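Text of the file protein-v2.pdb, holding PDB, C-alpha atoms:
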```pdb
MODEL        1
ATOM      1  CA  MET A   1     -37.417 124.830 165.196
ATOM      2  CA  ALA A   2     -35.997 122.167 167.477
ATOM      3  CA  SER A   3     -38.443 119.439 168.451
ATOM      4  CA  GLY A   4     -36.132 116.537 169.349
ATOM      5  CA  PHE A   5     -33.781 116.740 172.326
ATOM      6  CA  ILE A   6     -30.951 114.491 173.479
ATOM      7  CA  ILE A   7     -29.352 115.487 176.768
ATOM      8  CA  LEU A   8     -25.830 114.177 177.129
ATOM      9  CA  LYS A   9     -24.115 112.914 180.264
ATOM     10  CA  ASP A  10     -22.707 116.334 181.152
ATOM     11  CA  GLY A  11     -26.009 118.224 180.751
ATOM     12  CA  ARG A  12     -25.361 119.704 177.304
ATOM     13  CA  CYS A  13     -28.226 119.329 174.862
ATOM     14  CA  PHE A  14     -28.451 118.382 171.211
ATOM     15  CA  ALA A  15     -31.650 120.038 169.977
ATOM     16  CA  ARG A  16     -32.747 119.635 166.393
ATOM     17  CA  ARG A  17     -35.769 118.958 164.202
ATOM     18  CA  TRP A  18     -37.660 115.768 165.071
ATOM     19  CA  THR A  19     -36.723 114.017 161.834
ATOM     20  CA  GLY A  20     -33.015 114.234 162.697
ATOM     21  CA  TYR A  21     -33.696 113.051 166.243
ATOM     22  CA  ASP A  22     -35.536 110.000 164.905
ATOM     23  CA  GLU A  23     -32.792 109.203 162.386
ATOM     24  CA  ILE A  24     -30.023 109.477 164.992
ATOM     25  CA  LEU A  25     -31.874 107.023 167.218
ATOM     26  CA  LYS A  26     -32.439 104.685 164.251
ATOM     27  CA  ILE A  27     -28.676 104.643 163.695
ATOM     28  CA  VAL A  28     -28.059 103.935 167.381
ATOM     29  CA  ILE A  29     -30.646 101.134 167.357
ATOM     30  CA  LYS A  30     -29.090  99.583 164.251
ATOM     31  CA  GLU A  31     -25.648  99.561 165.857
ATOM     32  CA  LEU A  32     -26.844  98.391 169.276
ATOM     33  CA  ARG A  33     -28.360  95.297 167.687
ATOM     34  CA  GLU A  34     -24.840  94.318 166.607
ATOM     35  CA  LEU A  35     -23.179  94.985 169.964
ATOM     36  CA  GLU A  36     -22.885  92.406 172.718
ATOM     37  CA  GLY A  37     -25.491  93.304 175.322
ATOM     38  CA  GLY A  38     -27.001  96.026 173.140
ATOM     39  CA  LYS A  39     -30.289  94.406 172.126
ATOM     40  CA  PRO A  40     -32.289  95.297 175.283
ATOM     41  CA  LEU A  41     -31.385  98.975 174.905
ATOM     42  CA  ALA A  42     -32.127  98.860 171.164
ATOM     43  CA  LYS A  43     -35.555  97.379 171.914
ATOM     44  CA  TRP A  44     -36.299 100.098 174.481
ATOM     45  CA  LEU A  45     -35.144 102.913 172.165
ATOM     46  CA  LYS A  46     -37.332 101.546 169.365
ATOM     47  CA  VAL A  47     -40.387 102.293 171.533
ATOM     48  CA  ILE A  48     -39.484 105.980 171.922
ATOM     49  CA  ILE A  49     -39.439 106.688 168.183
ATOM     50  CA  PRO A  50     -42.442 106.210 165.914
ATOM     51  CA  ASN A  51     -42.805 103.249 163.610
ATOM     52  CA  ASP A  52     -42.945 103.735 159.862
ATOM     53  CA  ASN A  53     -46.755 103.648 159.536
ATOM     54  CA  LEU A  54     -47.318 106.834 161.542
ATOM     55  CA  THR A  55     -50.124 108.996 160.160
ATOM     56  CA  ASP A  56     -50.208 112.809 160.181
ATOM     57  CA  GLU A  57     -52.834 112.747 162.943
ATOM     58  CA  MET A  58     -50.426 110.799 165.155
ATOM     59  CA  GLU A  59     -47.465 113.156 164.578
ATOM     60  CA  ALA A  60     -46.911 116.397 166.472
ATOM     61  CA  GLY A  61     -43.204 117.013 165.790
ATOM     62  CA  TRP A  62     -42.326 117.313 169.503
ATOM     63  CA  GLY A  63     -43.889 113.872 169.989
ATOM     64  CA  PHE A  64     -46.129 111.217 168.534
ATOM     65  CA  LEU A  65     -49.107 109.099 169.532
ATOM     66  CA  ASP A  66     -48.160 105.547 170.414
ATOM     67  CA  LEU A  67     -51.091 103.335 169.444
ATOM     68  CA  GLU A  68     -50.173 100.510 171.826
ATOM     69  CA  SER A  69     -50.233 102.684 174.947
ATOM     70  CA  ASP A  70     -52.552 105.379 173.528
ATOM     71  CA  GLU A  71     -50.133 107.951 175.002
ATOM     72  CA  TRP A  72     -48.115 110.767 173.487
ATOM     73  CA  ILE A  73     -44.378 110.035 173.474
ATOM     74  CA  SER A  74     -42.145 113.099 173.757
ATOM     75  CA  ARG A  75     -38.989 113.329 171.661
ATOM     76  CA  LYS A  76     -36.635 113.899 174.562
ATOM     77  CA  LEU A  77     -33.968 111.464 175.662
ATOM     78  CA  ASP A  78     -31.833 112.184 178.695
ATOM     79  CA  LEU A  79     -28.848 109.857 178.491
ATOM     80  CA  ARG A  80     -28.176 110.461 182.187
ATOM     81  CA  SER A  81     -31.325 108.440 182.937
ATOM     82  CA  LEU A  82     -29.756 105.293 181.457
ATOM     83  CA  THR A  83     -27.602 102.866 183.416
ATOM     84  CA  LYS A  84     -23.844 103.427 183.164
ATOM     85  CA  GLU A  85     -23.589 100.286 181.012
ATOM     86  CA  ASN A  86     -26.272 101.557 178.638
ATOM     87  CA  GLN A  87     -24.599 104.961 178.419
ATOM     88  CA  GLU A  88     -21.404 103.189 177.351
ATOM     89  CA  LEU A  89     -23.292 101.063 174.802
ATOM     90  CA  PHE A  90     -24.975 104.193 173.425
ATOM     91  CA  TRP A  91     -21.576 105.892 172.969
ATOM     92  CA  GLU A  92     -20.130 102.804 171.277
ATOM     93  CA  ALA A  93     -23.132 102.708 168.929
ATOM     94  CA  ILE A  94     -22.610 106.405 168.076
ATOM     95  CA  GLN A  95     -18.958 105.766 167.228
ATOM     96  CA  ARG A  96     -19.803 102.792 165.014
ATOM     97  CA  GLY A  97     -22.701 104.680 163.443
ATOM     98  CA  LYS A  98     -20.421 107.554 162.460
ATOM     99  CA  ILE A  99     -18.057 105.177 160.669
ATOM    100  CA  ASN A 100     -20.859 103.339 158.891
ATOM    101  CA  LEU A 101     -22.693 106.515 157.885
ATOM    102  CA  ASN A 102     -19.520 108.045 156.447
ATOM    103  CA  TYR A 103     -18.609 104.825 154.646
ATOM    104  CA  GLN A 104     -22.029 103.686 153.378
ATOM    105  CA  GLY A 105     -23.881 107.006 153.107
ATOM    106  CA  GLN A 106     -27.517 106.886 151.954
ATOM    107  CA  GLY A 107     -27.421 103.096 151.834
ATOM    108  CA  TYR A 108     -27.005 103.137 155.595
ATOM    109  CA  SER A 109     -29.188 106.093 156.625
ATOM    110  CA  ILE A 110     -30.966 109.033 155.025
ATOM    111  CA  LEU A 111     -29.310 111.289 157.608
ATOM    112  CA  SER A 112     -26.618 113.621 156.344
ATOM    113  CA  PRO A 113     -23.126 112.783 157.665
ATOM    114  CA  ASP A 114     -22.661 116.504 158.413
ATOM    115  CA  TYR A 115     -25.804 116.537 160.570
ATOM    116  CA  PHE A 116     -24.609 113.457 162.446
ATOM    117  CA  GLN A 117     -21.120 114.930 162.834
ATOM    118  CA  GLU A 118     -22.353 117.750 165.076
ATOM    119  CA  PHE A 119     -24.100 115.264 167.358
ATOM    120  CA  TYR A 120     -20.988 113.087 167.374
ATOM    121  CA  GLU A 121     -18.794 116.055 168.315
ATOM    122  CA  MET A 122     -21.075 116.884 171.248
ATOM    123  CA  CYS A 123     -20.944 113.278 172.452
ATOM    124  CA  GLU A 124     -17.180 113.180 172.084
ATOM    125  CA  LEU A 125     -16.718 116.397 174.070
ATOM    126  CA  ALA A 126     -18.966 115.043 176.827
ATOM    127  CA  GLU A 127     -16.960 111.796 176.910
ATOM    128  CA  LYS A 128     -13.697 113.734 177.200
ATOM    129  CA  GLY A 129     -15.043 115.870 180.054
ATOM    130  CA  GLU A 130     -14.760 119.124 178.113
ATOM    131  CA  PRO A 131     -16.749 122.147 179.363
ATOM    132  CA  PRO A 132     -20.415 121.453 178.507
ATOM    133  CA  MET A 133     -21.148 124.994 177.373
ATOM    134  CA  GLN A 134     -18.384 124.672 174.754
ATOM    135  CA  LEU A 135     -20.873 123.104 172.322
ATOM    136  CA  THR A 136     -24.557 122.895 173.189
ATOM    137  CA  HIS A 137     -27.821 123.952 171.593
ATOM    138  CA  TRP A 138     -29.238 125.359 174.822
ATOM    139  CA  ASN A 139     -27.954 128.472 176.571
ATOM    140  CA  LYS A 140     -27.822 126.592 179.885
ATOM    141  CA  LEU A 141     -27.204 123.082 181.119
ATOM    142  CA  ALA A 142     -30.150 120.737 181.552
ATOM    143  CA  ASP A 143     -31.594 120.434 185.032
ATOM    144  CA  PRO A 144     -30.249 117.487 187.053
ATOM    145  CA  CYS A 145     -31.744 114.122 186.124
ATOM    146  CA  ASN A 146     -33.104 111.744 188.753
ATOM    147  CA  GLU A 147     -34.986 109.460 186.355
ATOM    148  CA  GLN A 148     -34.104 105.845 185.666
ATOM    149  CA  ASN A 149     -35.083 104.880 182.121
ATOM    150  CA  GLY A 150     -34.324 101.962 179.870
ATOM    151  CA  PRO A 151     -33.356  98.407 180.710
ATOM    152  CA  GLY A 152     -30.937  97.278 183.389
ATOM    153  CA  TRP A 153     -32.123  99.166 186.441
ATOM    154  CA  LYS A 154     -32.688  97.055 189.548
ATOM    155  CA  LYS A 155     -36.294  97.441 190.665
TER
ENDMDL
END
```
Just dump the structure as structure tokens.
Amino acid sequence: MASGFIILKDGRCFARRWTGYDEILKIVIKELRELEGGKPLAKWLKVIIPNDNLTDEMEAGWGFLDLESDEWISRKLDLRSLTKENQELFWEAIQRGKINLNYQGQGYSILSPDYFQEFYEMCELAEKGEPPMQLTHWNKLADPCNEQNGPGWKK
């Protein structure tokens, strides 16, 4: 059952098990740290996935208990809520992550390249402006997003 959701810029949704969601974001974080201007976004994304010392009592699949804030963090990321610059950095990190995962395999990430490939294909279709219902895990587009998340927004 899907418990991690990434909504792409065109409203299509990647919906998979929470472990895959976490691993995809770990790949993105790893790549963002190497990109010029990517560290603030990497730091913000790190907060929305659990750290490695998470106990079973703190894990719910759909989310996890963050000990610093004492709040439950949902495993849902709407890329439309990021600044345009951060959306571009996220896409660049995905592209680099695909190359590194295919080249380095398990030494790079425990995530299967085939699992990542489906997410990559969704991102690529969204970037090309292809019809969002062509490849999505939901039977409808996500509701419009008016949130502003992540670094870079002018307050």
Using all atoms listed in the file, find each residue of segment 59-89 of chain A with at least one atom at most 12 Å away from an atom of segment 120-130 of chain A; report its shortest atom-to-atom pair and that distance in Å (one decimal), sort the rows by chain and rising residue number, and return the result as CSV.
```
residue,atom,partner,partner_atom,distance
A:Leu79,CA,A:Cys123,CA,10.5
A:Arg80,CA,A:Ala126,CA,11.6
A:Gln87,CA,A:Glu127,CA,10.4
A:Glu88,CA,A:Glu127,CA,9.7
```
So, counting all atoms listed in the file, which residue among A:Asp66, A:Glu36, A:Glu31, A:Glu147 is closest to Arg96 of chain A?
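Answer, going by the shortest atom-to-atom distance: A:Glu31.
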Given the choices A:Lys140, A:Lys154, A:Arg16, A:Lys39, which gets closest to Leu89 of chain A if the distance is worked out from all atoms listed in the file?
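For Leu89 of chain A, the nearest of the given residues is A:Lys39.
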For a quick check of understanding, using all atoms listed in the file, which of A:Asn139, A:Asn149, A:Trp44, A:Phe116 has the smallest distance to Tyr21 of chain A?
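Closest residue, counting all atoms listed in the file: A:Phe116.
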Step by step: start from the point (-40.4, 106.9, 167.9) in the file's coordinates, keep every protein, DNA or RNA residue that has an atom no farther than 8 Å from it, count only C-alpha atoms, and write the set as a PyMOL selection string.
chain A and resi 22+45-51+64+73+75
Neighbouring residues of Asp114 of chain A were defined as those with any atom within 12 Å, considering all atoms listed in the file; residues of the same chain fewer than 5 positions away were excluded. Please report them as a ChimeraX atom specification.
/A:20,98,101-102,105,119-121
To one decimal place, how far is atom CA of Ala15 of chain A from atom CA of Pro131 of chain A in Å?
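We find that atom CA of Ala15 of chain A and atom CA of Pro131 of chain A lie 17.7 Å from each other.
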One number please: atom CA of Ser3 of chain A to atom CA of Ala142 of chain A, in Å, one decimal.
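A separation of 15.6 Å between them.
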Between A:Ile94, A:Leu65, A:Ile110, A:Ala2, single out the one closest to Leu35 of chain A, counting all atoms listed in the file.
A:Ile94
Can you measure atom CA of Asp78 of chain A to atom CA of Gly11 of chain A for me? One decimal in Å is fine.
8.6 Å
Counting all atoms listed in the file, figure out which residue out of A:Leu111, A:Leu82, A:Ile29, A:Ala60 gets nearest to Gln148 of chain A.
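Checking each of A:Leu111, A:Leu82, A:Ile29, A:Ala60 against Gln148 of chain A, counting all atoms listed in the file, the winner is A:Leu82.
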With distances taken over all atoms listed in the file, which of A:Thr83, A:Leu32, A:Pro113, A:Thr136 is nearest to Ile99 of chain A?
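For Ile99 of chain A, the nearest of the given residues is A:Pro113.
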